[in-house]
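What's in run_23.txt: compact mmCIF, C-alpha atoms
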# COMPACT_ATOMS: atom_id res chain seq x y z
CA LEU A 1 21.54 -41.52 152.22
CA THR A 2 19.71 -43.70 154.70
CA PRO A 3 16.18 -43.07 156.08
CA PHE A 4 15.99 -41.12 159.35
CA PRO A 5 13.02 -41.56 161.73
CA GLY A 6 10.22 -38.97 161.58
CA THR A 7 9.24 -36.44 158.91
CA GLU A 8 9.60 -32.75 158.24
CA ASP A 9 6.00 -31.44 157.98
CA SER A 10 4.56 -28.22 156.59
CA GLU A 11 0.97 -27.03 156.17
CA THR A 12 -0.84 -25.26 153.37
CA VAL A 13 -4.45 -24.11 153.66
CA GLU A 14 -6.58 -24.91 150.61
CA ILE A 15 -10.27 -24.63 149.73
CA GLU A 16 -12.01 -27.28 147.67
CA VAL A 17 -15.77 -26.92 147.16
CA LYS A 18 -17.57 -29.10 144.66
CA ALA A 19 -21.17 -29.80 143.81
CA TYR A 20 -22.07 -33.46 143.48
CA ARG A 21 -25.11 -35.61 142.88
CA ARG A 22 -26.12 -38.14 145.51
CA VAL A 23 -27.81 -41.19 144.03
CA ILE A 24 -29.92 -43.20 146.48
CA LYS A 25 -30.57 -46.72 145.22
CA ARG A 26 -33.52 -48.60 146.68
CA LYS A 27 -33.82 -52.31 146.10
CA ARG A 28 -36.91 -53.58 144.37
CA TYR A 29 -38.78 -56.77 145.20
CA LYS A 30 -41.55 -58.73 143.59
CA PRO A 31 -43.87 -61.05 145.46
CA THR A 32 -43.39 -64.79 145.17
CA CYS A 33 -46.97 -65.57 146.16
CA ARG A 34 -50.17 -65.36 144.14
CA CYS A 35 -52.33 -63.78 146.83
CA GLY A 36 -52.94 -60.69 144.73
CA THR A 37 -52.71 -58.33 147.71
CA LEU A 38 -49.25 -57.00 146.92
CA PRO A 39 -48.26 -54.77 144.02
CA GLY A 40 -46.18 -56.20 141.24
CA ILE A 41 -43.04 -54.37 142.44
CA VAL A 42 -42.32 -53.42 146.07
CA THR A 43 -39.66 -50.90 147.04
CA ALA A 44 -38.90 -48.62 149.98
CA PRO A 45 -40.28 -45.06 149.77
CA PRO A 46 -37.81 -42.34 148.73
CA PRO A 47 -36.17 -40.29 151.49
CA PRO A 48 -38.09 -37.15 152.49
CA LYS A 49 -37.09 -33.88 150.85
CA LEU A 50 -37.23 -30.30 152.04
CA ILE A 51 -39.31 -29.43 148.97
CA PRO A 52 -41.41 -32.37 147.73
CA LYS A 53 -40.20 -33.68 144.37
CA GLY A 54 -37.42 -31.09 144.44
CA LEU A 55 -34.01 -31.93 143.04
CA LEU A 56 -31.96 -29.70 145.36
CA GLY A 57 -30.76 -31.10 148.66
CA ILE A 58 -30.73 -29.42 152.06
CA SER A 59 -27.08 -28.38 151.75
CA VAL A 60 -27.88 -26.44 148.58
CA TRP A 61 -30.74 -24.56 150.23
CA VAL A 62 -28.61 -23.81 153.27
CA THR A 63 -26.00 -22.32 150.95
CA ILE A 64 -28.62 -20.24 149.14
CA LEU A 65 -30.27 -18.96 152.33
CA LEU A 66 -26.98 -18.02 154.03
CA ASP A 67 -25.67 -16.33 150.90
CA LYS A 68 -28.86 -14.35 150.35
CA PHE A 69 -29.83 -13.35 153.88
CA LEU A 70 -26.53 -13.43 155.79
CA LEU A 71 -24.14 -12.22 153.10
CA VAL A 72 -26.86 -10.21 151.30
CA ARG A 73 -25.64 -11.15 147.85
CA PRO A 74 -28.00 -10.96 144.86
CA THR A 75 -29.19 -14.34 143.64
CA TYR A 76 -27.73 -14.00 140.18
CA ARG A 77 -24.25 -13.48 141.65
CA LEU A 78 -24.60 -16.60 143.78
CA LEU A 79 -25.65 -18.59 140.72
CA SER A 80 -22.60 -17.34 138.84
CA ASP A 81 -20.44 -18.44 141.76
CA LEU A 82 -22.05 -21.89 141.91
CA LYS A 83 -21.23 -22.41 138.24
CA THR A 84 -17.54 -22.32 139.15
CA HIS A 85 -18.20 -25.24 141.52
CA GLY A 86 -19.88 -27.34 138.86
CA LEU A 87 -23.50 -26.52 139.72
CA GLU A 88 -25.66 -24.67 137.22
CA LEU A 89 -29.09 -23.62 138.49
CA ALA A 90 -31.85 -21.63 136.86
CA GLN A 91 -32.82 -18.47 138.71
CA GLY A 92 -36.48 -19.41 138.42
CA THR A 93 -35.78 -22.68 140.25
CA VAL A 94 -34.20 -20.79 143.15
CA THR A 95 -36.95 -18.15 143.24
CA ASP A 96 -39.74 -20.75 143.26
CA GLY A 97 -37.91 -22.71 145.95
CA LEU A 98 -37.52 -19.66 148.18
CA GLN A 99 -41.24 -18.98 147.87
CA ALA A 100 -41.95 -22.58 148.87
CA LEU A 101 -39.65 -22.30 151.91
CA ALA A 102 -40.99 -18.95 153.12
CA PRO A 103 -43.93 -20.43 155.12
CA LEU A 104 -41.47 -22.56 157.11
CA PHE A 105 -39.96 -19.39 158.60
CA VAL A 106 -43.25 -17.78 159.66
CA PRO A 107 -43.19 -19.26 163.22
CA LEU A 108 -39.61 -18.07 163.68
CA TYR A 109 -40.47 -14.60 162.40
CA GLU A 110 -43.45 -14.36 164.74
CA ALA A 111 -41.29 -15.48 167.67
CA LEU A 112 -38.77 -12.73 166.86
CA ILE A 113 -41.57 -10.15 166.87
CA ASP A 114 -42.83 -11.40 170.25
CA GLN A 115 -39.35 -11.18 171.73
CA ASN A 116 -38.85 -7.74 170.20
CA LEU A 117 -42.02 -6.41 171.81
CA GLN A 118 -41.18 -7.82 175.24
CA GLU A 119 -38.26 -5.40 175.53
CA ASP A 120 -38.47 -1.66 176.18
CA ARG A 121 -35.59 -0.20 174.17
CA TRP A 122 -35.69 0.00 170.39
CA HIS A 123 -34.17 1.62 167.36
CA ALA A 124 -36.34 2.16 164.29
CA ASP A 125 -35.76 3.38 160.77
CA GLU A 126 -37.16 2.99 157.29
CA THR A 127 -35.82 3.26 153.77
CA ARG A 128 -37.42 3.05 150.38
CA ARG A 129 -37.23 -0.21 148.46
CA LEU A 130 -38.45 -1.07 145.00
CA VAL A 131 -40.87 -3.99 144.90
CA PHE A 132 -41.98 -4.90 141.42
CA ALA A 133 -45.45 -6.04 142.41
CA THR A 134 -48.75 -4.68 141.22
CA VAL A 135 -51.07 -3.56 144.02
CA GLU A 136 -54.54 -2.28 143.30
CA GLY A 137 -54.76 1.45 143.97
CA LYS A 138 -51.00 1.91 144.28
CA VAL A 139 -49.02 3.85 141.70
CA GLY A 140 -45.42 2.83 141.11
CA TYR A 141 -43.19 0.27 142.78
CA ARG A 142 -41.88 2.27 145.72
CA TRP A 143 -42.26 0.38 148.99
CA TYR A 144 -40.51 0.84 152.33
CA LEU A 145 -38.38 -1.50 154.38
CA TRP A 146 -38.83 -0.83 158.10
CA VAL A 147 -36.51 -2.08 160.81
CA PHE A 148 -37.26 -2.37 164.52
CA ARG A 149 -34.22 -3.32 166.57
CA SER A 150 -34.20 -4.28 170.24
CA PRO A 151 -31.20 -5.37 172.34
CA SER A 152 -31.65 -9.01 171.28
CA THR A 153 -33.64 -8.99 168.01
CA VAL A 154 -33.99 -7.27 164.66
CA VAL A 155 -37.39 -7.26 162.94
CA TYR A 156 -37.83 -6.19 159.32
CA LYS A 157 -41.16 -5.27 157.81
CA LEU A 158 -41.70 -4.58 154.13
CA ASP A 159 -44.70 -2.34 153.57
CA GLU A 160 -46.06 -0.29 150.71
CA SER A 161 -46.68 2.60 153.10
CA ARG A 162 -44.42 4.99 154.98
CA SER A 163 -47.23 6.20 157.24
CA SER A 164 -47.41 5.98 161.02
CA GLN A 165 -49.72 2.97 160.66
CA VAL A 166 -46.68 0.71 160.22
CA PRO A 167 -44.94 1.45 163.57
CA GLU A 168 -48.36 1.64 165.24
CA ALA A 169 -49.20 -1.83 163.96
CA HIS A 170 -45.87 -3.16 165.20
CA PHE A 171 -45.80 -1.63 168.68
CA GLY A 172 -49.47 -1.12 169.37
CA LEU A 173 -50.68 1.85 171.38
CA LEU A 174 -50.20 0.36 174.86
CA ARG A 175 -46.49 -0.41 174.58
CA GLU A 176 -44.10 1.42 176.93
CA GLY A 177 -40.44 2.08 176.27
CA ILE A 178 -37.90 4.33 174.58
CA LEU A 179 -37.63 4.43 170.81
CA SER A 180 -34.48 5.89 169.22
CA VAL A 181 -35.30 7.37 165.80
CA ASP A 182 -34.72 10.25 163.46
CA ARG A 183 -37.32 13.01 163.44
CA TYR A 184 -39.58 11.53 160.80
CA SER A 185 -43.21 12.50 161.43
CA SER A 186 -44.52 8.92 161.60
CA TYR A 187 -42.62 8.31 164.83
CA LYS A 188 -43.88 11.58 166.29
CA ALA A 189 -47.44 10.52 165.49
CA LEU A 190 -46.79 7.18 167.23
CA ALA A 191 -45.51 8.94 170.36
CA LYS A 192 -48.61 11.14 170.54
CA LYS A 193 -50.92 8.13 170.54
CA SER A 194 -48.91 5.72 172.73
CA HIS A 195 -46.77 5.59 175.86
CA ILE A 196 -43.52 5.33 173.88
CA ILE A 197 -40.92 8.05 174.47
CA LEU A 198 -38.84 9.17 171.50
CA ALA A 199 -35.07 9.61 171.77
CA PHE A 200 -33.88 11.47 168.70
CA CYS A 201 -30.72 10.31 166.98
CA TRP A 202 -27.71 12.51 167.85
CA SER A 203 -26.38 12.21 164.31
CA HIS A 204 -29.50 13.93 163.01
CA VAL A 205 -29.44 16.56 165.75
CA ARG A 206 -25.80 17.27 164.89
CA ARG A 207 -26.86 18.18 161.36
CA ASP A 208 -28.76 21.17 162.77
CA PHE A 209 -25.64 22.54 164.41
CA LEU A 210 -23.66 22.02 161.23
CA GLY A 211 -26.43 23.74 159.27
CA ILE A 212 -26.28 26.75 161.58
CA ALA A 213 -22.50 26.87 161.28
CA CYS A 214 -22.76 26.92 157.49
CA ASP A 215 -25.66 29.36 157.23
CA TRP A 216 -24.54 31.88 159.87
CA PRO A 217 -20.77 31.54 160.22
CA GLN A 218 -20.49 35.12 161.47
CA HIS A 219 -22.59 34.28 164.55
CA ILE A 220 -21.43 30.77 165.39
CA GLY A 221 -18.46 31.97 167.43
CA CYS A 222 -20.62 34.14 169.67
CA ARG A 223 -23.21 31.43 170.09
CA LEU A 224 -20.58 28.91 171.13
CA LEU A 225 -19.14 31.37 173.67
CA ASP A 226 -22.59 31.94 175.13
Transcribe the structure of this file into C-alpha cells.
Amino acid sequence: LTPFPGTEDSETVEIEVKAYRRVIKRKRYKPTCRCGTLPGIVTAPPPPKLIPKGLLGISVWVTILLDKFLLVRPTYRLLSDLKTHGLELAQGTVTDGLQALAPLFVPLYEALIDQNLQEDRWHADETRRLVFATVEGKVGYRWYLWVFRSPSTVVYKLDESRSSQVPEAHFGLLREGILSVDRYSSYKALAKKSHIILAFCWSHVRRDFLGIACDWPQHIGCRLLD
C-alpha cells in the first residue's frame, strides 16, 4: 500500500471535566541598599479573590451557584459529584462561602423587585418550607416560600408567616394591576385594601366543578343541559 492524500475522519463527542489547582508564583526580591525604608523581602501582592483568603476559585463558585440555584440540586449531591472529578469539599466550606457571597446579590435582588413592581400583571403563590432556624416567639420550623412572577421577572420571598402582610409588603397598597392566584384568603385581604384585581386560577375553579360532579352525579347532567 502507498499513502493516499487526505484522511478519513470521524467524530466522537466526549466529556472530560477535572478539578485542578492553580499555583501562582510571585517572585521575591530583597533590597540591595541599606536605606532601611524597604522591608527585608519585597513581592507582588496576591491576586484578588472572590472570598478573601478563600481557597476556592471563581469557577468553583460559579459551578456551585449554577448547580444549586439553576439545577436546584441539594449541596450534598453536588459534593458527591465533584468527588468524581477529583475535588473533595467539606459541606461547611460551601455553606460558609454561600453566606459570604449572599450580600453580593442583594443589589441584583432589589433590582428584580423594582422591575417586578413596575409591571401590572403577576402570578403569586406560596408553599410551606422547613427552615431550621430558631425565631423568638415562633413554634416549629414551618416557614413559607412566596413567589411573585411578572412577565419578565420572578421574585421569591422566604417568610415565617403566611399572612396577608407578606403580599401587602411586596406590592404595597397603591399598586394597580391584575394578580392571578388561587383563592387563598391572604390574596383576598390584599385586594380589599389595594387597587389590585384578583384573577382566580382556572385550575382551582375547575376543582369545584369536579367536586359537584362527584358529590351530585345524579344532577350534573341536568345542570350541564341548563
Practice item. Using all atoms listed in the file, pick whichever of A:Val135, A:Leu38, A:Leu56, A:Ile113 has the shortest atom-to-atom distance to Phe171 (chain A). Key: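 Checking each candidate against Phe171 (chain A), we get A:Ile113 as the closest.
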Check your understanding: At what distance in Å, to one decimal, does CA of Arg175 (chain A) lie from CA of Ser163 (chain A)?
Key -> 18.6 Å
Point to revise | Point-to-point distance in Å for CA of Ala169 (chain A) and CA of Leu71 (chain A) | key: 29.2 Å
Practice item. Could you give me, as a list in words, the residues within 12 Å of Gly57 (chain A), counting all atoms listed in the file and dropping anything in the same chain fewer than 3 positions from it? Key: Ala19, Tyr20, Arg21, Arg22, Val23, Pro47, Pro48, Lys49, Leu50, Ile51, Pro52, Lys53, Gly54, Val60, Trp61, Val62, Thr63, Ile64 and Gly97 of chain A
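In this comparison, which uses all atoms listed in the file, the residue of A:Pro107, A:Pro45, A:Pro74, A:Pro31 approaching Thr95 (chain A) most closely is A:Pro74.
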Review point. Can you tell me how far CA of Pro151 (chain A) sits from CA of Leu98 (chain A), in Å to one decimal?
Key: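 For CA of Pro151 (chain A) relative to CA of Leu98 (chain A), the distance reads 28.8 Å.
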Exercise for review: Between A:Ala111, A:Leu79, A:Leu104, A:Val72, single out the one closest to Thr153 (chain A), counting all atoms listed in the file.
Suggested key: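 Looking only at the distances to Thr153 (chain A), the closest residue turns out to be A:Ala111.
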Exercise for review: May I have the residues at most 10 Å from (-37.3, 3.4, 151.9) in the file's coordinates, counting all atoms listed in the file, as a ChimeraX atom specification?
Suggested key: /A:125-130,142-146,158-162
Given the selection you just returned, output its residues as a file containing C-alpha atoms, formatted as an mmCIF file, keeping the file's coordinate frame.
data_model
loop_
_atom_site.group_PDB
_atom_site.id
_atom_site.type_symbol
_atom_site.label_atom_id
_atom_site.label_comp_id
_atom_site.auth_asym_id
_atom_site.auth_seq_id
_atom_site.Cartn_x
_atom_site.Cartn_y
_atom_site.Cartn_z
ATOM 1 C CA ASP A 125 -35.760 3.380 160.770
ATOM 2 C CA GLU A 126 -37.160 2.990 157.290
ATOM 3 C CA THR A 127 -35.820 3.260 153.770
ATOM 4 C CA ARG A 128 -37.420 3.050 150.380
ATOM 5 C CA ARG A 129 -37.230 -0.210 148.460
ATOM 6 C CA LEU A 130 -38.450 -1.070 145.000
ATOM 7 C CA ARG A 142 -41.880 2.270 145.720
ATOM 8 C CA TRP A 143 -42.260 0.380 148.990
ATOM 9 C CA TYR A 144 -40.510 0.840 152.330
ATOM 10 C CA LEU A 145 -38.380 -1.500 154.380
ATOM 11 C CA TRP A 146 -38.830 -0.830 158.100
ATOM 12 C CA LEU A 158 -41.700 -4.580 154.130
ATOM 13 C CA ASP A 159 -44.700 -2.340 153.570
ATOM 14 C CA GLU A 160 -46.060 -0.290 150.710
ATOM 15 C CA SER A 161 -46.680 2.600 153.100
ATOM 16 C CA ARG A 162 -44.420 4.990 154.980
#
Within 7 Å of (-33.2, 2.3, 166.7), in the coordinates the file gives, what residues turn up when you count only C-alpha atoms, written out as an mmCIF file with C-alpha atoms, in the coordinates of the input?
data_model
loop_
_atom_site.group_PDB
_atom_site.id
_atom_site.type_symbol
_atom_site.label_atom_id
_atom_site.label_comp_id
_atom_site.auth_asym_id
_atom_site.auth_seq_id
_atom_site.Cartn_x
_atom_site.Cartn_y
_atom_site.Cartn_z
ATOM 1 C CA TRP A 122 -35.690 0.000 170.390
ATOM 2 C CA HIS A 123 -34.170 1.620 167.360
ATOM 3 C CA ALA A 124 -36.340 2.160 164.290
ATOM 4 C CA ASP A 125 -35.760 3.380 160.770
ATOM 5 C CA PHE A 148 -37.260 -2.370 164.520
ATOM 6 C CA ARG A 149 -34.220 -3.320 166.570
ATOM 7 C CA LEU A 179 -37.630 4.430 170.810
ATOM 8 C CA SER A 180 -34.480 5.890 169.220
ATOM 9 C CA VAL A 181 -35.300 7.370 165.800
#
Reconstruct N, CA, C and O atoms of region 183-197 of chain A; output as a short mmCIF file (atom, residue, chain, number, x, y, z; two decimals), keeping the file's coordinate frame.
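Contents of rebuild_18.cif, freshly written:
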data_model
loop_
_atom_site.label_atom_id
_atom_site.label_comp_id
_atom_site.auth_asym_id
_atom_site.auth_seq_id
_atom_site.Cartn_x
_atom_site.Cartn_y
_atom_site.Cartn_z
N ARG A 183 -36.16 12.18 163.13
CA ARG A 183 -37.32 13.01 163.44
C ARG A 183 -38.42 12.89 162.40
O ARG A 183 -39.17 13.84 162.17
N TYR A 184 -38.53 11.73 161.80
CA TYR A 184 -39.58 11.53 160.80
C TYR A 184 -40.95 11.60 161.49
O TYR A 184 -41.14 11.12 162.61
N SER A 185 -41.91 12.19 160.83
CA SER A 185 -43.21 12.50 161.43
C SER A 185 -43.99 11.26 161.87
O SER A 185 -44.80 11.34 162.80
N SER A 186 -43.77 10.12 161.23
CA SER A 186 -44.52 8.92 161.60
C SER A 186 -44.22 8.50 163.04
O SER A 186 -45.12 8.05 163.76
N TYR A 187 -42.97 8.67 163.46
CA TYR A 187 -42.62 8.31 164.83
C TYR A 187 -43.21 9.31 165.82
O TYR A 187 -43.60 8.94 166.93
N LYS A 188 -43.27 10.57 165.43
CA LYS A 188 -43.88 11.58 166.29
C LYS A 188 -45.37 11.29 166.47
O LYS A 188 -45.91 11.44 167.57
N ALA A 189 -46.02 10.86 165.39
CA ALA A 189 -47.44 10.52 165.49
C ALA A 189 -47.64 9.32 166.41
O ALA A 189 -48.60 9.26 167.18
N LEU A 190 -46.72 8.35 166.34
CA LEU A 190 -46.79 7.18 167.23
C LEU A 190 -46.67 7.61 168.68
O LEU A 190 -47.41 7.13 169.55
N ALA A 191 -45.73 8.51 168.98
CA ALA A 191 -45.51 8.94 170.36
C ALA A 191 -46.72 9.69 170.93
O ALA A 191 -47.01 9.59 172.12
N LYS A 192 -47.43 10.40 170.07
CA LYS A 192 -48.61 11.14 170.54
C LYS A 192 -49.76 10.21 170.94
O LYS A 192 -50.56 10.54 171.81
N LYS A 193 -49.81 9.04 170.30
CA LYS A 193 -50.92 8.13 170.54
C LYS A 193 -50.59 7.05 171.56
O LYS A 193 -51.49 6.37 172.05
N SER A 194 -49.31 6.84 171.88
CA SER A 194 -48.91 5.72 172.73
C SER A 194 -48.11 6.22 173.93
O SER A 194 -47.97 7.43 174.15
N HIS A 195 -47.59 5.28 174.70
CA HIS A 195 -46.77 5.59 175.86
C HIS A 195 -45.27 5.53 175.55
O HIS A 195 -44.45 5.55 176.47
N ILE A 196 -44.93 5.43 174.28
CA ILE A 196 -43.52 5.33 173.88
C ILE A 196 -42.89 6.73 173.88
O ILE A 196 -43.47 7.70 173.40
N ILE A 197 -41.69 6.81 174.43
CA ILE A 197 -40.92 8.05 174.47
C ILE A 197 -39.89 8.02 173.34
O ILE A 197 -39.19 7.02 173.17
#
